[in-house]
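J.: Dropping the structure in here first, questions after.
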Number of protein chains: 2
Amino acid sequence: MSTDGTGRPGSLSRTVGIKQVAAHAGVSPGTVSNVLNRPERVAEPTRIRVEQAIRELGFVRNGSASTLRAGHSSTIGLMVLDLANPFFTDVARGVEDIASERGYAVILSSSGESDEREQRNLRVLAEQRVRGVLLTPVGDDGEAADRLQERGVPVVLLDHPTPRANQCSVAVDDVAGGELAVGELLDGGARTLAFVTGPSVLRQCTDRRKGALRALRAAGLGREVMREVTVGAMNARSGQEAARRLLEAGPPLPDAIFCANDLLALGVLRVLLQAGLKVPADIALIGYDDIEFSAAAAVPLSSVRQPTYQLGRIATELLLEECDEAGGHAHQQVMFQPELVVRESSRPASGGTAGGTP
Amino acid sequence: MSTDGTGRPGSLSRTVGIKQVAAHAGVSPGTVSNVLNRPERVAEPTRIRVEQAIRELGFVRNGSASTLRAGHSSTIGLMVLDLANPFFTDVARGVEDIASERGYAVILSSSGESDEREQRNLRVLAEQRVRGVLLTPVGDDGEAADRLQERGVPVVLLDHPTPRANQCSVAVDDVAGGELAVGELLDGGARTLAFVTGPSVLRQCTDRRKGALRALRAAGLGREVMREVTVGAMNARSGQEAARRLLEAGPPLPDAIFCANDLLALGVLRVLLQAGLKVPADIALIGYDDIEFSAAAAVPLSSVRQPTYQLGRIATELLLEECDEAGGHAHQQVMFQPELVVRESSRPASGGTAGGTP
DNA sequence: CAGCGGGCTTGACACGTTTTAATTCGGTGA
DNA sequence: TCACCGAATTAAAACGTGTCAAGCCCGCTG
């Protein structure tokens with residue numbers, strides 16, 4: 001009874017490893033490893049015996065040892081700007097679906113729009129020797145991505161286009177989106193605007209602004225008709241702050257407000273309504289992302305829809321392709337087009353049940 | 001420029017490990033390890049030399065090797081029911097704040113309310129040899145937690161009370177919360193109710209139901225006045241489905257609806273308004289969790305607030321305490337009390353300023 | 001029957017870090 | 001002068017798995 005195969009009668013046989021399994025099944029450790037990694041190479045009866053031993057001992061493979069030996073783990077990192085933003089949780093769903101389909105696990109991480117936290121968390125991913133990283137970067141310089149790639153970690157930029165040919169990216173045309181949004185507001189009759197936006201280090205913000213300006217130009221308006229309100233984060237709380245600043249600024253309120261995302265817009269909406277303003281009659285409003293809650297807001301929010309879930313899926317597919325095919329991988333820059341979703345918040349004139357694009 | 005310090009000009013610098021650093025600094029690998037883990041044990045000048053070598057070579061420690069040697073990593077796992085639920089992302093914020101404060105990284109994972117995914121993801125965490133796990137379990141039997149604990153992985157149950165004295169848990173009294181919610185509806189004059197809820201494997205659902213029934217009893221009403229609508233998931237889409245089922249069921253609509261969480265409630269609200277019903281005049285509504293979007297809904301949603309962020313913080317503190325103090329850790333079961341938040345959706349009598357849809 | 005080849009299995013080493021015991025070295029008290 | 005001390009550093013032995021060359025067994029062919 002004392003011969004449990006470990007040869008260490010004195011100590012309680014703690015961690016069960018590949019060796020214990022091997023002893024219990026009467027094979028060598030190498031064979032157990034083969035059962036785990038290339039089952040086709042091992043004869044049926046042996047395989048079954050080993051699998052049974054695995055079950056009986058409750059063996060779970062030690063990922064660190066695997067990773068150490070292989071040089072990389074079977075995990076990918078996903079770094080987003082804000083986990084509390086439904087946009088990113090939708091993306092994450094797409095990522096997880098594809099990854100788990102292919103046998104990869106996902107380490108989810110959020111930079112909270114902070115450069116410093118981005119760096120810290122990327123370092124953790126690097127220490128974990130993740131197989132690859134999906135990154136929505138805070139800054140625009142791509143330095144973080146470069147450092148990882150130099151180290152041999154494939155990176156796919158997520159919701160961030162890149163001009164460089166040596167990396168993959170998946171994004172949505174935010175300039176076009178901004179143009180759509182402001183175009184809609186102008187179509188609704190607005191002549192003065194406000195643009196509520198987050199930190200300018202976020203490409204999403206600057207691109208959507210660029211699109212907004214383009215729409216103004218197309219309508220023959222100067223950029224001076226658009227007041228800009230910049231806040232520190234792209235969430236509802238900051239949206240409220242922005243709206244308060246707008247209201248405090250004085251009576252000549254803009255005809256309409258374009259918010260760089262829906263969270264900001266929901267915050268703005270809340271303060272406007274509390275102030276007794278009618279949306280869109282007194283002031284029109286449009287957001288960006290078309291998160292689920294926008295449709296259910298106090299005034300259903302017009303927005304710009306992105307293929308969120310697809311974004312995550314495609315990015316993950318590209319990343320895993322890059323991981324699997326060592327050299328022969330052609331980098332791609334994928335760009336989706338956004339879609340205008342008109343609800344009640346953007347059009348004072350057309351109060352229609354059957355909204356939709358003209 | 002070709003002399004990058006590695007001495008291998010031809011190939012892209014091989015993986016730089018502790019050995020390369022040691023060679024570059026003219027010390028032994030052991031000393032480098034000491035610099036990383038117990039800097040106080042190494043003399044000032046050597047330490048500085050090593051630190052410089054680390055910077056020059058761009059060394060990042062190989063986490064798998066550390067983990068392998070130590071037997072466990074410096075990461076904790078956080079497994080929630082649904083990442084798309086703002087309740088859980090708030091909790092996650094609390095977890096991350098404490099964890100990173102203590103030098104731990106967090107692996108975020110979601111079971112999507114699926115038993116199978118919970119198991120699969122817990123296995124991944126086990127393979128990664130996480131230091132401990134924060135778990136909001138899908139089932140009620142605690143079997144998953146047991147298996148981990150047997151393997152020596154500390155587990156703290158999150159948003160899930162436990163009667164067992166051998167594990168920690170942090171939770172909010174959902175029975176009391178359910179009672180508060182239905183009490184509010186009854187106070188508003190409702191005499192017939194509907195309870196919209198998710199799968200009964202979720203303790204949150206069954207406890208809130210229990211509280212609801214308790215409130216009915218307290219008001220001298222029988223449980224037959226409360227119709228139950230059970231859907232497959234606790235999100236807005238399922239809420240919409242529930243509301244449709246309620247409407248299709250026929251004319252004698254209940255006076256009020258209690259939803260097991262705010263996502264369900266938002267979905268319900270949307271369908272009710274689309275059907276031309278006035279909330280709360282025609283039908284009152286209350287949710288649970290008090291997520292941020294509830295206050296901004298078409299009809300501001302009454303709800304039951306939980307100390308979400310605190311939940312994450314306390315749970316993490318307990319977990320890390322259990323990890324650090326090997327034996328001398330006293331298990332605790334923490335239970336918070338929820339708080340009723342009354343807005344417009346729950347009281348037909350107390351007329352709000354603005355109502356329903358335009 | 002010898003030789004051969006193919007399918008399975010084995011054994012041993014390497015991965016990068018931590019840790020323990022051992023070593024060096026200059027200094028100090030007896 | 002010597003033994004001894006403490007501080008700083010080193011050498012070497014793990015940790016559990018994957019890999020790969022080598023070995024084994026068996027049936028088949030010449």
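Ordering of the structure tokens sets the chain letters (A, B, ...); residue numbers start at 1 within each chain; ligands are numbered from 1 in the order shown.
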Over all Cα atoms in order, fit chain A to chain B and jot down the RMSD to one decimal place.

T.: 3.0 Å

J.: Using only C-alpha atoms (C1' of nucleotides), I'd like a table of the residues in chain C that come within 8 Å of chain A; for each, show the closest atom pair and its distance in Å rounded to one decimal, ordered by chain and ascending number, as a tab-separated table.

T.:
```
residue	atom	partner	partner_atom	distance
C:DC8	C1'	A:Val42	CA	6.6
C:DT9	C1'	A:Thr31	CA	6.9
C:DT10	C1'	A:Ser28	CA	6.5
C:DA14	C1'	A:Arg69	CA	7.8
C:DC15	C1'	A:Arg69	CA	4.6
C:DG16	C1'	A:Leu68	CA	7.4
```

J.: I need the residues from that last selection saved to file as a PDB file, in the first residue's frame (with N, CA and C atoms (P, O5', C5', C4', C3', O3' and C1' of nucleotides)), if you can.

T.:
```pdb
ATOM      1  P    DC C   8       0.190   2.417 -34.029  1.00  0.00           P
ATOM      2  O5'  DC C   8       0.764   2.431 -32.558  1.00  0.00           O
ATOM      3  C5'  DC C   8       2.177   2.390 -32.369  1.00  0.00           C
ATOM      4  C4'  DC C   8       2.500   1.767 -31.026  1.00  0.00           C
ATOM      5  C3'  DC C   8       2.246   2.711 -29.844  1.00  0.00           C
ATOM      6  O3'  DC C   8       2.046   1.933 -28.687  1.00  0.00           O
ATOM      7  C1'  DC C   8       4.586   2.495 -30.268  1.00  0.00           C
ATOM      8  P    DT C   9       1.799   2.662 -27.278  1.00  0.00           P
ATOM      9  O5'  DT C   9       3.261   2.802 -26.695  1.00  0.00           O
ATOM     10  C5'  DT C   9       4.000   1.613 -26.429  1.00  0.00           C
ATOM     11  C4'  DT C   9       5.394   1.990 -25.960  1.00  0.00           C
ATOM     12  C3'  DT C   9       5.442   2.973 -24.786  1.00  0.00           C
ATOM     13  O3'  DT C   9       5.993   2.290 -23.678  1.00  0.00           O
ATOM     14  C1'  DT C   9       7.006   3.545 -26.499  1.00  0.00           C
ATOM     15  P    DT C  10       6.168   3.076 -22.311  1.00  0.00           P
ATOM     16  O5'  DT C  10       7.704   3.455 -22.398  1.00  0.00           O
ATOM     17  C5'  DT C  10       8.654   2.443 -22.710  1.00  0.00           C
ATOM     18  C4'  DT C  10      10.022   3.081 -22.886  1.00  0.00           C
ATOM     19  C3'  DT C  10      10.466   3.981 -21.727  1.00  0.00           C
ATOM     20  O3'  DT C  10      11.677   3.452 -21.211  1.00  0.00           O
ATOM     21  C1'  DT C  10      10.813   5.041 -23.827  1.00  0.00           C
ATOM     22  P    DA C  14      20.540  19.268 -22.181  1.00  0.00           P
ATOM     23  O5'  DA C  14      19.525  20.440 -22.543  1.00  0.00           O
ATOM     24  C5'  DA C  14      18.750  20.363 -23.739  1.00  0.00           C
ATOM     25  C4'  DA C  14      17.552  21.277 -23.579  1.00  0.00           C
ATOM     26  C3'  DA C  14      17.835  22.549 -22.774  1.00  0.00           C
ATOM     27  O3'  DA C  14      17.291  23.653 -23.440  1.00  0.00           O
ATOM     28  C1'  DA C  14      16.021  21.363 -21.813  1.00  0.00           C
ATOM     29  P    DC C  15      17.788  25.113 -23.058  1.00  0.00           P
ATOM     30  O5'  DC C  15      16.437  25.898 -22.749  1.00  0.00           O
ATOM     31  C5'  DC C  15      15.252  25.695 -23.517  1.00  0.00           C
ATOM     32  C4'  DC C  15      14.065  26.026 -22.658  1.00  0.00           C
ATOM     33  C3'  DC C  15      14.357  27.092 -21.603  1.00  0.00           C
ATOM     34  O3'  DC C  15      13.963  28.362 -22.093  1.00  0.00           O
ATOM     35  C1'  DC C  15      13.033  25.265 -20.738  1.00  0.00           C
ATOM     36  P    DG C  16      15.013  29.594 -21.901  1.00  0.00           P
ATOM     37  O5'  DG C  16      14.628  30.119 -20.444  1.00  0.00           O
ATOM     38  C5'  DG C  16      13.320  30.621 -20.238  1.00  0.00           C
ATOM     39  C4'  DG C  16      13.117  30.897 -18.771  1.00  0.00           C
ATOM     40  C3'  DG C  16      14.173  31.807 -18.137  1.00  0.00           C
ATOM     41  O3'  DG C  16      13.493  32.711 -17.298  1.00  0.00           O
ATOM     42  C1'  DG C  16      14.049  29.781 -16.952  1.00  0.00           C
TER      43       DG C  16
END
```

J.: From the list B:Ala242, B:Ala233, B:Leu266, B:Ala165, which residue is nearest Val196 (chain B) when using only C-alpha atoms?

T.: B:Ala242

J.: Would you mind listing, as a list in words, all residues of chain D that have at least one atom within 7 Å of chain B, where only C-alpha atoms (C1' of nucleotides) are what counts?

T.: DA8, DT10 and DC15 of chain D

J.: Set the distance at 12 Å and use only C-alpha atoms (C1' of nucleotides): which residues neighbour DA13 (chain D) once local chain neighbours fewer than 4 positions away are removed? I'd like the list as a short mmCIF file (atom, residue, chain, number, x, y, z; two decimals) with C-alpha atoms (C1' of nucleotides), in the first residue's frame.

T.:
```cif
data_model
loop_
_atom_site.label_atom_id
_atom_site.label_comp_id
_atom_site.auth_asym_id
_atom_site.auth_seq_id
_atom_site.Cartn_x
_atom_site.Cartn_y
_atom_site.Cartn_z
CA ARG B 69 9.16 26.82 -9.42
"C1'" DT C 18 13.90 30.07 -7.21
"C1'" DT C 19 16.08 28.35 -3.31
"C1'" DT C 20 19.30 26.03 -0.31
"C1'" DA C 21 23.64 25.00 1.04
#
```
